[in-house]
Every structure is written in structure tokens, then in C-alpha cells.
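**Q** Next up, input-v1.cif (mmCIF, C-alpha atoms).
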data_protein
loop_
_atom_site.label_atom_id
_atom_site.label_comp_id
_atom_site.auth_asym_id
_atom_site.auth_seq_id
_atom_site.Cartn_x
_atom_site.Cartn_y
_atom_site.Cartn_z
CA MET F 1 136.85 42.12 149.00
CA TYR F 2 133.51 41.39 150.68
CA LYS F 3 131.57 42.87 147.75
CA TYR F 4 133.25 40.43 145.35
CA PHE F 5 132.53 37.58 147.75
CA PHE F 6 128.90 38.69 147.98
CA ARG F 7 128.55 38.63 144.19
CA LEU F 8 130.31 35.30 143.76
CA VAL F 9 128.80 33.39 146.70
CA PHE F 10 125.97 34.95 148.69
CA LYS F 11 124.14 36.47 145.71
CA ARG F 12 123.90 33.00 144.16
CA LEU F 13 122.34 31.50 147.28
CA ASP F 14 118.78 31.76 148.51
CA PRO F 15 118.84 34.77 150.87
CA GLU F 16 117.73 32.77 153.89
CA GLN F 17 120.32 30.06 153.20
CA ALA F 18 123.00 32.74 152.85
CA HIS F 19 121.94 34.24 156.17
CA HIS F 20 122.22 30.91 157.99
CA LEU F 21 125.60 30.19 156.38
CA ALA F 22 127.10 33.58 157.26
CA PHE F 23 125.66 33.50 160.78
CA ARG F 24 127.11 30.02 161.32
CA TRP F 25 130.57 31.27 160.33
CA ILE F 26 130.24 34.25 162.69
CA ARG F 27 129.26 32.01 165.60
CA LEU F 28 132.05 29.57 164.90
CA ALA F 29 134.65 32.35 164.78
CA ALA F 30 133.41 33.69 168.12
CA ARG F 31 134.06 30.29 169.73
CA VAL F 32 137.79 30.28 168.87
CA PRO F 33 139.65 32.32 171.54
CA VAL F 34 142.61 33.61 169.52
CA LEU F 35 140.56 34.19 166.38
CA ARG F 36 137.78 36.10 168.13
CA THR F 37 140.30 38.32 169.91
CA PHE F 38 142.00 39.15 166.61
CA LEU F 39 138.69 39.79 164.84
CA ALA F 40 137.33 41.98 167.64
CA ALA F 41 140.51 44.08 167.59
CA ALA F 42 140.24 44.50 163.81
CA LEU F 43 136.47 44.90 163.45
CA ALA F 44 135.40 46.49 166.73
CA PRO F 45 137.87 49.24 167.65
CA ARG F 46 136.75 51.40 170.58
CA TYR F 47 136.47 55.18 170.47
CA LYS F 48 136.24 56.82 173.90
CA GLU F 49 134.38 59.80 172.44
CA LEU F 50 131.55 57.53 171.28
CA ARG F 51 130.79 56.05 174.70
CA THR F 52 127.06 56.29 175.21
CA GLU F 53 124.69 56.24 178.16
CA ALA F 54 121.11 55.35 177.32
CA LEU F 55 118.25 53.64 179.11
CA GLY F 56 120.37 53.73 182.27
CA LEU F 57 122.97 51.56 180.51
CA ARG F 58 126.56 52.23 179.45
CA MET F 59 127.67 51.21 175.97
CA HIS F 60 130.90 51.47 173.99
CA GLY F 61 129.00 53.38 171.32
CA PRO F 62 125.53 54.10 169.95
CA PHE F 63 125.45 51.53 167.13
CA GLY F 64 123.54 48.29 167.56
CA LEU F 65 122.15 45.32 165.67
CA ALA F 66 118.43 45.56 165.01
CA ALA F 67 116.07 42.72 165.86
CA GLY F 68 115.58 40.06 163.21
CA PHE F 69 119.14 38.91 162.61
CA ASP F 70 119.58 36.85 165.78
CA LYS F 71 116.05 35.72 166.50
CA ASN F 72 116.96 33.05 169.06
CA ALA F 73 119.89 34.55 171.00
CA VAL F 74 122.40 32.11 169.53
CA GLY F 75 125.06 34.54 168.28
CA ILE F 76 125.30 37.51 170.65
CA ASP F 77 129.06 37.17 171.15
CA GLY F 78 129.63 36.88 167.42
CA MET F 79 127.74 40.07 166.65
CA ALA F 80 129.57 41.93 169.44
CA MET F 81 132.81 40.68 167.92
CA LEU F 82 131.80 42.43 164.68
CA GLY F 83 131.43 45.76 166.45
CA PHE F 84 127.79 46.06 167.48
CA ASP F 85 127.56 47.97 170.77
CA HIS F 86 124.18 46.47 171.58
CA VAL F 87 122.44 43.42 170.16
CA GLU F 88 118.66 43.20 170.03
CA ILE F 89 117.53 39.60 169.79
CA GLY F 90 114.15 38.39 168.59
CA THR F 91 111.44 38.90 167.76
CA VAL F 92 110.55 36.23 170.33
CA THR F 93 106.96 35.03 170.74
CA GLY F 94 105.20 33.35 173.63
CA GLU F 95 105.17 30.00 171.83
CA PRO F 96 107.62 28.57 169.28
CA GLN F 97 106.56 28.91 165.68
CA PRO F 98 108.05 28.08 162.27
CA GLY F 99 107.08 31.33 160.59
CA ASN F 100 105.64 31.69 157.13
CA PRO F 101 106.25 29.27 154.26
CA LYS F 102 109.49 29.65 152.28
CA GLN F 103 110.58 31.55 150.17
CA ARG F 104 110.07 34.45 152.57
CA LEU F 105 113.20 36.60 152.23
CA PHE F 106 114.10 38.52 149.06
CA ARG F 107 117.05 40.72 148.11
CA LEU F 108 116.47 43.88 146.09
CA VAL F 109 120.16 44.32 145.28
CA LYS F 110 119.76 47.33 142.99
CA ASP F 111 117.90 49.12 145.76
CA ARG F 112 120.15 47.84 148.58
CA ALA F 113 117.01 46.58 150.26
CA LEU F 114 115.31 43.45 151.54
CA ILE F 115 111.72 42.25 151.60
CA ASN F 116 110.86 39.75 154.31
CA ARG F 117 107.73 37.96 155.39
CA MET F 118 109.46 35.69 157.89
CA GLY F 119 106.53 35.69 160.31
CA PHE F 120 108.38 35.70 163.64
CA ASN F 121 110.01 32.28 163.17
CA ASN F 122 111.65 31.56 166.54
CA ASP F 123 112.13 28.99 169.30
CA GLY F 124 109.62 30.60 171.67
CA SER F 125 110.17 32.56 174.86
CA LEU F 126 110.72 29.53 177.12
CA ARG F 127 113.65 28.15 175.12
CA VAL F 128 115.17 31.55 174.41
CA ALA F 129 114.99 32.43 178.11
CA ALA F 130 116.78 29.18 178.98
CA ARG F 131 119.45 29.96 176.39
CA LEU F 132 120.00 33.44 177.81
CA ALA F 133 120.08 32.08 181.36
CA SER F 134 122.82 29.59 180.48
CA ARG F 135 124.89 32.04 178.46
CA THR F 136 128.50 32.61 179.53
CA PRO F 137 129.38 35.80 177.66
CA VAL F 138 132.77 36.36 176.09
CA PHE F 139 131.87 39.88 175.04
CA LYS F 140 129.38 41.96 176.96
CA PRO F 141 127.25 44.11 174.70
CA VAL F 142 123.95 45.43 175.96
CA VAL F 143 121.33 42.80 175.07
CA GLY F 144 117.83 43.89 174.16
CA VAL F 145 114.96 41.43 173.87
CA ASN F 146 112.24 42.11 171.32
CA ILE F 147 108.90 40.35 171.96
CA GLY F 148 105.90 39.89 169.70
CA LYS F 149 102.57 38.09 169.42
CA THR F 150 102.31 34.38 168.65
CA LYS F 151 100.51 34.07 165.32
CA VAL F 152 97.82 31.62 166.49
CA VAL F 153 96.92 33.74 169.51
CA PRO F 154 93.81 35.83 168.74
CA GLU F 155 94.09 39.59 169.00
CA GLU F 156 91.91 39.72 172.13
CA GLU F 157 94.39 37.45 173.94
CA ALA F 158 97.50 39.31 172.78
CA VAL F 159 98.17 41.01 176.12
CA ALA F 160 98.45 37.69 177.96
CA ASP F 161 100.78 36.36 175.26
CA TYR F 162 103.12 39.35 175.56
CA VAL F 163 103.01 39.16 179.36
CA LYS F 164 104.06 35.50 179.25
CA SER F 165 107.11 36.39 177.17
CA ALA F 166 107.94 39.38 179.37
CA GLU F 167 107.84 37.27 182.53
CA ARG F 168 110.14 34.67 181.02
CA LEU F 169 112.61 37.03 179.35
CA ALA F 170 112.78 40.18 181.48
CA PRO F 171 115.32 38.69 183.95
CA TYR F 172 117.83 38.31 181.12
CA ALA F 173 117.11 41.50 179.18
CA ASP F 174 119.05 44.73 179.51
CA TYR F 175 115.96 46.24 177.89
CA LEU F 176 112.66 44.93 176.52
CA VAL F 177 110.95 45.94 173.27
CA VAL F 178 107.26 45.45 172.52
CA ASN F 179 107.00 44.87 168.77
CA VAL F 180 103.58 45.82 167.45
CA SER F 181 104.75 46.93 164.02
CA SER F 182 105.74 43.89 161.94
CA PRO F 183 103.51 43.54 158.87
CA ASN F 184 103.93 39.76 158.79
CA THR F 185 101.67 38.70 161.69
CA PRO F 186 97.99 39.22 160.89
CA GLY F 187 96.39 41.90 163.05
CA LEU F 188 99.62 42.83 164.84
CA ARG F 189 99.73 46.40 163.60
CA ASN F 190 96.25 46.99 164.98
CA LEU F 191 97.91 46.98 168.40
CA GLN F 192 99.61 50.29 167.55
CA ALA F 193 96.30 52.09 168.06
CA THR F 194 96.55 53.85 171.43
CA GLU F 195 93.38 52.25 172.79
CA ALA F 196 94.99 48.82 172.30
CA LEU F 197 98.57 49.88 172.99
CA ARG F 198 97.91 51.45 176.40
CA PRO F 199 96.73 48.27 178.18
CA LEU F 200 99.38 46.19 176.39
CA LEU F 201 102.32 48.37 177.44
CA SER F 202 100.93 48.78 180.95
CA ALA F 203 100.61 45.01 181.36
CA VAL F 204 104.13 44.32 180.06
CA ARG F 205 105.53 47.03 182.35
CA GLU F 206 103.80 45.44 185.35
CA ALA F 207 105.01 41.98 184.34
CA ALA F 208 108.62 43.14 184.06
CA ASP F 209 108.46 44.91 187.43
CA ARG F 210 106.83 41.92 189.07
CA THR F 211 109.40 39.49 187.68
CA VAL F 212 112.52 41.60 188.21
CA SER F 213 112.47 43.51 191.48
CA ALA F 214 116.19 44.24 191.83
CA ARG F 215 116.31 46.67 188.91
CA ARG F 216 114.08 48.44 186.44
CA VAL F 217 114.09 46.77 183.04
CA PRO F 218 113.74 49.55 180.44
CA LEU F 219 110.72 49.13 178.17
CA LEU F 220 110.46 50.40 174.60
CA VAL F 221 107.94 50.10 171.79
CA LYS F 222 108.80 49.65 168.11
CA ILE F 223 106.57 51.42 165.62
CA ALA F 224 105.97 51.24 161.87
CA PRO F 225 106.95 53.92 159.35
CA ASP F 226 103.50 53.59 157.82
CA LEU F 227 101.73 55.28 160.73
CA ALA F 228 100.03 58.55 159.86
CA ASP F 229 101.68 61.59 161.42
CA GLU F 230 98.85 62.06 163.92
CA ASP F 231 99.25 58.44 165.02
CA VAL F 232 102.99 58.95 165.50
CA ASP F 233 102.11 61.89 167.75
CA ALA F 234 99.59 59.77 169.65
CA VAL F 235 102.15 57.03 170.31
CA ALA F 236 104.67 59.65 171.43
CA ASP F 237 102.17 61.16 173.86
CA LEU F 238 101.22 57.73 175.18
CA ALA F 239 104.87 56.81 175.74
CA VAL F 240 105.39 59.92 177.85
CA GLU F 241 102.11 59.36 179.72
CA LEU F 242 103.04 55.77 180.63
CA GLY F 243 106.63 56.59 181.54
CA LEU F 244 107.96 54.41 178.75
CA ASP F 245 111.73 54.38 178.40
CA GLY F 246 111.95 54.63 174.66
CA ILE F 247 110.59 54.31 171.13
CA ILE F 248 112.28 52.50 168.24
CA ALA F 249 111.60 54.18 164.90
CA THR F 250 111.05 52.38 162.62
CA ASN F 251 110.19 48.84 161.58
CA THR F 252 109.83 47.75 157.92
CA THR F 253 107.32 49.31 155.55
CA VAL F 254 104.54 47.81 153.44
CA ALA F 255 104.80 50.76 151.05
CA ARG F 256 106.24 50.33 147.56
CA GLU F 257 105.08 53.42 145.69
CA GLY F 258 107.10 56.61 145.86
CA LEU F 259 110.27 54.88 147.03
CA GLY F 260 112.06 54.95 143.68
CA LEU F 261 112.52 51.18 143.56
CA THR F 262 114.42 49.96 140.49
CA SER F 263 114.61 46.21 141.15
CA ASP F 264 112.74 43.67 139.06
CA ALA F 265 108.99 44.28 139.31
CA SER F 266 108.30 40.68 140.34
CA LEU F 267 110.52 41.17 143.38
CA VAL F 268 109.05 44.53 144.27
CA LYS F 269 105.56 42.98 144.25
CA GLU F 270 106.47 40.37 146.88
CA THR F 271 104.44 40.84 150.05
CA GLY F 272 106.15 41.57 153.34
CA GLY F 273 108.12 44.31 155.01
CA LEU F 274 110.60 46.33 152.98
CA SER F 275 113.80 47.37 154.74
CA GLY F 276 117.04 49.00 153.67
CA ALA F 277 117.95 52.17 151.78
CA PRO F 278 114.45 53.00 150.41
CA LEU F 279 113.16 53.33 153.98
CA LYS F 280 115.73 55.99 154.89
CA ASP F 281 113.75 59.18 154.31
CA ARG F 282 110.50 58.13 155.99
CA SER F 283 112.28 56.62 158.97
CA LEU F 284 114.23 59.85 159.47
CA GLU F 285 111.03 61.87 159.12
CA VAL F 286 109.28 59.82 161.81
CA LEU F 287 112.29 60.17 164.11
CA ARG F 288 112.34 63.95 163.71
CA ARG F 289 108.63 64.12 164.47
CA LEU F 290 109.03 61.99 167.59
CA TYR F 291 111.91 64.09 168.93
CA ALA F 292 109.99 67.30 168.30
CA ARG F 293 107.17 65.79 170.38
CA VAL F 294 109.05 64.15 173.26
CA GLY F 295 112.44 65.88 173.33
CA ASP F 296 114.79 64.34 175.85
CA ARG F 297 112.06 62.86 178.03
CA ILE F 298 112.46 59.40 176.53
CA THR F 299 115.17 57.63 174.53
CA LEU F 300 114.71 57.36 170.79
CA VAL F 301 116.35 54.63 168.71
CA GLY F 302 116.78 55.32 164.99
CA VAL F 303 116.63 52.37 162.60
CA GLY F 304 115.65 51.91 158.98
CA GLY F 305 117.83 52.62 155.96
CA ILE F 306 121.06 53.30 157.85
CA GLU F 307 123.88 52.39 155.45
CA ASN F 308 126.87 54.41 156.58
CA ALA F 309 128.24 56.77 159.21
CA GLU F 310 126.57 59.80 157.64
CA ASP F 311 123.16 58.12 157.91
CA ALA F 312 123.85 57.28 161.56
CA TRP F 313 125.02 60.83 162.24
CA GLN F 314 121.86 62.28 160.68
CA ARG F 315 119.75 60.07 162.97
CA ILE F 316 121.63 61.36 166.00
CA LEU F 317 121.13 64.97 164.93
CA ALA F 318 117.43 64.15 164.43
CA GLY F 319 117.04 62.89 168.00
CA ALA F 320 118.31 59.32 168.21
CA THR F 321 120.50 58.46 171.18
CA LEU F 322 120.98 54.97 169.75
CA VAL F 323 121.00 53.79 166.14
CA GLN F 324 120.54 50.30 164.73
CA GLY F 325 121.06 48.52 161.45
CA TYR F 326 120.54 45.17 159.77
CA SER F 327 119.85 45.25 156.02
CA ALA F 328 123.01 47.16 155.06
CA PHE F 329 125.07 44.55 156.94
CA ILE F 330 124.08 42.07 154.22
CA TYR F 331 125.56 44.33 151.55
CA GLU F 332 128.50 45.85 153.46
CA GLY F 333 129.83 42.83 155.32
CA PRO F 334 131.95 42.39 158.45
CA PHE F 335 133.77 45.74 158.26
CA TRP F 336 130.49 47.67 158.42
CA GLY F 337 130.54 48.28 162.18
CA ARG F 338 134.15 49.47 162.04
CA ALA F 339 133.31 51.95 159.29
CA ILE F 340 130.28 53.29 161.17
CA HIS F 341 132.27 53.90 164.35
CA LYS F 342 135.22 55.46 162.56
CA GLY F 343 132.94 57.75 160.58
CA LEU F 344 130.93 58.81 163.62
CA ALA F 345 134.10 59.65 165.54
CA ALA F 346 135.33 61.75 162.61
CA ARG F 347 132.04 63.62 162.30
CA LEU F 348 131.91 64.34 166.02
CA ALA F 349 135.49 65.64 165.94
CA THR F 350 134.66 68.19 163.22
CA SER F 351 131.27 69.15 164.67
CA PRO F 352 130.50 71.96 167.13
CA TYR F 353 129.46 69.39 169.75
CA ALA F 354 131.71 68.38 172.62
CA THR F 355 130.03 65.01 173.10
CA LEU F 356 127.75 62.68 171.19
CA ALA F 357 125.01 63.42 173.73
CA ASP F 358 125.21 67.12 172.84
CA ALA F 359 124.52 66.28 169.20
CA VAL F 360 121.33 64.31 169.91
CA GLY F 361 118.41 66.24 168.45
CA ALA F 362 120.52 69.29 167.55
CA ASP F 363 119.00 69.72 164.08
CA VAL F 364 115.45 69.53 165.43
CA ARG F 365 116.16 72.03 168.18
CA LYS F 366 117.52 74.51 165.60
CA THR F 367 114.22 74.54 163.74
CA ALA F 368 111.97 74.54 166.81
#
Just give me the structure of the file as C-alpha cells.
**A**
Amino acid sequence: MYKYFFRLVFKRLDPEQAHHLAFRWIRLAARVPVLRTFLAAALAPRYKELRTEALGLRMHGPFGLAAGFDKNAVGIDGMAMLGFDHVEIGTVTGEPQPGNPKQRLFRLVKDRALINRMGFNNDGSLRVAARLASRTPVFKPVVGVNIGKTKVVPEEEAVADYVKSAERLAPYADYLVVNVSSPNTPGLRNLQATEALRPLLSAVREAADRTVSARRVPLLVKIAPDLADEDVDAVADLAVELGLDGIIATNTTVAREGLGLTSDASLVKETGGLSGAPLKDRSLEVLRRLYARVGDRITLVGVGGIENAEDAWQRILAGATLVQGYSAFIYEGPFWGRAIHKGLAARLATSPYATLADAVGADVRKTA
């Protein structure tokens, strides 16, 4: 039914308008007690065998919402109602910013993909922190907070900008993510180089510890699929060296060639980050490489091109303790989370692994 609705309604709307409309409906539904209870029962069934421990946190399952959908922490309950076990909000920057000029979001329907050049449009860390502080949760998913650089802040002042966001947001984050991999903020990806990344991650770690003394706020870094293999290895080694809690692999790609894209050429040529099905192979490749490098020493989060339970299962076998999605949600609709969980439970039941944790990295270990 959703696919017909997508064709008749959402496909006819500007993608960003469709996003705001759908998100508004989700938030409204989550505010109605009887309705949200019914929807959660239908869309977010719990499977005991999928219970997951990661980053020192307990979750109903491994499947979460990637950053970018709820930039301002306005719909956490709604997304939990739809079955996401953790919700990563953001990317949030030190100062509020409108993002890039519209149109900045494009659907590649034939490729089940998106291109975005949103540019970190968000309310800024001060307002988002206030919103999180005043939140009275109905559902209680793990909430991650993804932080990035304010566009007008020069690269040499980036550390201070990230630290400001970390200080404001760490008290309300179950985990923090340093995003240095979006292609839509000029110079941001330069921060993935280890000589720039080391002082940045160290400063954010210190800021989180200084601000939140009662617990350790897990810290992760999100990397691009476009990194060369040796740079992926360097980030992995740095993460272990610094005692980082995790790596999220991967963000969107600037690549277009070699992905088998069949959408209209004018769409394919749009600048910005490509997400969705075409990213699947490279994202999985980066994840495998990371797990081969770090093993179980840090938590890996697989994201990029996950469309169904089989994709999520392959990420787990490749080393991901947690998996995330976003783009496929646009095409699959509200029953997507239910299908992912049901499929994962079925695959675990027919696998040789007693628990989901046993399956993490199993394929990589076989070839080691």
C-alpha cells in the first residue's frame, strides 16, 4: 500500500517538502496516546533474541535511524514508534544555519537512492540542547547526537566549534558522533586526515568528560566511503590509539562512476552526497576492512545502502554491532523497521550462531 501512496503522493512532491510532510505526520501520531500505542505494537514488535548491548548501552535491537532525518531532535518518539532501536539526531552545528540553497534534495527512484546537499541545516547546538533537556520521552530509544562544523567557521577554528557543541549536547547524548565526512560543508572532509583528526577527537573527548562527570559518554567518528583503503586503516588505528568507542561506516559518497546508476543523467550530475542502494558494496567493503583492522576492540556501526534484513545481516557478519538506515525508509515506508527486525530474527534462528553478538564479524574471521 505504501508504494502506491509513494507513487501517487510523495513522488509528485519536492523531496524536501515530502520529508517535512511525512515527518509531521509521524510526530503528530506519536502525540496521540492510543494511536501511538497501537502503531508501536504493529510497527515495532520486540524480539528478545535481537537484544543488543553496544557502547555500554542496552537496546531492543541493532537497527537504528541514521543522522540526517531528525536534524533538530523534534521527532525521537515518533521514530522509536516506527521501530528504530536507536535514533541518531543531527548533524548539529555550533551555530544555527539554514543550509544550502534549495533545491538540495533529489530522488533517484530507479536507483533507490538520494542525492543531498543540505549543508547541515539545523537549529544550532544551543537550541537542540534545550530541546533535549526539556524532552519528556514516551518511548526510550538510545539517542545519539551527531555534531559537525558550522559552515562559516574556518577550518583552523573547527576544533573549538566542535567542542562548543560537545559541551552543550553531551549531557543529553547516549553517545556522541563527530561527523567529518559530509561532502556538503567546504573543507570538512579534510578533517578526516589523521593529523587533523587526532586533535579534534581528543578535544571532543576531553570536552565530553569535563561536561559529564557521572558517566562516560561514548564517542564515535563517522567516515566517508571515498577514503582510500590506507586512510581507512589510518583512521582505524587512530581510533584504537585514542580509545575511541566506535566508528560509523559510512557517510554518503561523492562518487558517481562505477555505481551502475540508471536514473536521468541530469539528476545523477547533481552535486552532493549520494546515499541508498548504490552505496551498498563500498560501504560493506569499508566495514569489512575496519573489522579486520580493529576486531572487537571498538564498536562498528554499518550504514549505507541497507535496504532489507539481508543487507543488515551482511553488515553484522562483516563486523557491525549496530546498523543504521535512512534512504530506504523513503522508499519502503513505515513497515520497514518491522520487516528488518523480523528478517534478522529469522536469519539468526537459521544461522549457526546462538546470539546476534556471536554473528558480529563472523565472515571476516573466517577469512582471516
**Q** Rank nothing, just name the residue among F:Gly56, F:Val109, F:Glu157, F:Arg46 nearest to F:Lys11, using only C-alpha atoms.
**A**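 Checking each of F:Gly56, F:Val109, F:Glu157, F:Arg46 against F:Lys11, counting only C-alpha atoms, the winner is F:Val109.
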**Q** One decimal, in Å: what's the spacing between atom CA of F:Glu285 and atom CA of F:Gly273?
**A**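 Atom CA of F:Gly273 lies at a distance of 18.3 Å from atom CA of F:Glu285.
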**Q** Pull out every residue that the PyMOL selection byres ((chain F and resi 63) around 6) matches in the shown coordinates and put them as a PDB file with C-alpha atoms, in the frame of the given file.
**A**
ATOM      1  CA  GLY F  61     129.000  53.380 171.320  1.00  0.00           C
ATOM      2  CA  PRO F  62     125.530  54.100 169.950  1.00  0.00           C
ATOM      3  CA  GLY F  64     123.540  48.290 167.560  1.00  0.00           C
ATOM      4  CA  PHE F  84     127.790  46.060 167.480  1.00  0.00           C
ATOM      5  CA  ASP F  85     127.560  47.970 170.770  1.00  0.00           C
ATOM      6  CA  VAL F 323     121.000  53.790 166.140  1.00  0.00           C
ATOM      7  CA  GLN F 324     120.540  50.300 164.730  1.00  0.00           C
TER       8      GLN F 324
END
**Q** Mind pulling up the distance from atom CA of F:Leu287 to atom CA of F:Lys151?
**A** 28.7 Å
**Q** Of the candidates F:Leu274, F:Val286, F:Val217, F:Val92, which one gets nearest to F:Asp233 if we count all atoms listed in the file?
**A** F:Val286
**Q** Run the PyMOL selection byres ((chain F and resi 82) around 10) on the file and write out the hits as a list in words.
**A**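 What the PyMOL selection byres ((chain F and resi 82) around 10) grabs from the file is Ile26, Ala30, Arg36, Leu39, Ala40, Ala41, Ala42, Leu43, Ala44, Pro45, Asp77, Gly78, Met79, Ala80, Met81, Gly83, Phe84, Asp85, Gly333, Pro334, Phe335, Trp336, Gly337 and Arg338 of chain F.
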**Q** Quick check, in Å to one decimal: how far apart do atom CA of F:Leu114 and atom CA of F:Asp14 lie?
**A** 12.6 Å
**Q** Nearest residue to F:Lys222 out of F:Pro98, F:Asp161, F:Thr91, F:Ala203, using all atoms listed in the file?
**A**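 Result for the nearest residue to F:Lys222: F:Thr91.
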**Q** Which is closest to F:Ile76 among F:Leu57, F:Ile330, F:Val138, F:Ala354, if we use only C-alpha atoms?
**A**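 Selected residue with least distance to F:Ile76: F:Val138.
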**Q** Using only C-alpha atoms, can you tell me which of F:Leu279, F:Val204, F:Ala196, F:Leu176 comes closest to F:Asp226?
**A**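 Comparing F:Leu279, F:Val204, F:Ala196, F:Leu176 against F:Asp226, the winner is F:Leu279.
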**Q** When distances are computed from all atoms listed in the file, which of F:Ala22, F:Leu242, F:Met59, F:Ala66 shows the smallest separation from F:Tyr326?
**A**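 So, comparing all the options, the nearest one is F:Ala66.
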**Q** Identify all residues satisfying the PyMOL selection byres ((chain F and resi 182) around 9) in the given file; provide them as a PyMOL selection string.
**A** chain F and resi 119-120+148+179-181+183-185+188-189+222-224+251-253+272-273
**Q** List the spatial neighbours of F:Ala193 as a ChimeraX atom specification - criterion: any atom at most 12 Å away, all atoms listed in the file, same-chain residues fewer than 6 positions off excluded.
**A** /F:180-181,187,199-201,223-224,227-228,230-236,238
**Q** Would you list the residues near (137.8, 28.8, 177.8), meaning any protein, DNA or RNA residue with an atom at most 12 Å from that point in file coordinates, counting only C-alpha atoms, as a PDB file with C-alpha atoms, keeping the file's coordinate frame?
**A**
ATOM      1  CA  ALA F  30     133.410  33.690 168.120  1.00  0.00           C
ATOM      2  CA  ARG F  31     134.060  30.290 169.730  1.00  0.00           C
ATOM      3  CA  VAL F  32     137.790  30.280 168.870  1.00  0.00           C
ATOM      4  CA  PRO F  33     139.650  32.320 171.540  1.00  0.00           C
ATOM      5  CA  VAL F  34     142.610  33.610 169.520  1.00  0.00           C
ATOM      6  CA  THR F 136     128.500  32.610 179.530  1.00  0.00           C
ATOM      7  CA  PRO F 137     129.380  35.800 177.660  1.00  0.00           C
ATOM      8  CA  VAL F 138     132.770  36.360 176.090  1.00  0.00           C
TER       9      VAL F 138
END
**Q** In file coordinates, which residues lie within 6 Å of (110.3, 40.0, 155.3) using only C-alpha atoms, given as number ranges by chain?
**A** F: 105, 115-118, 272-273
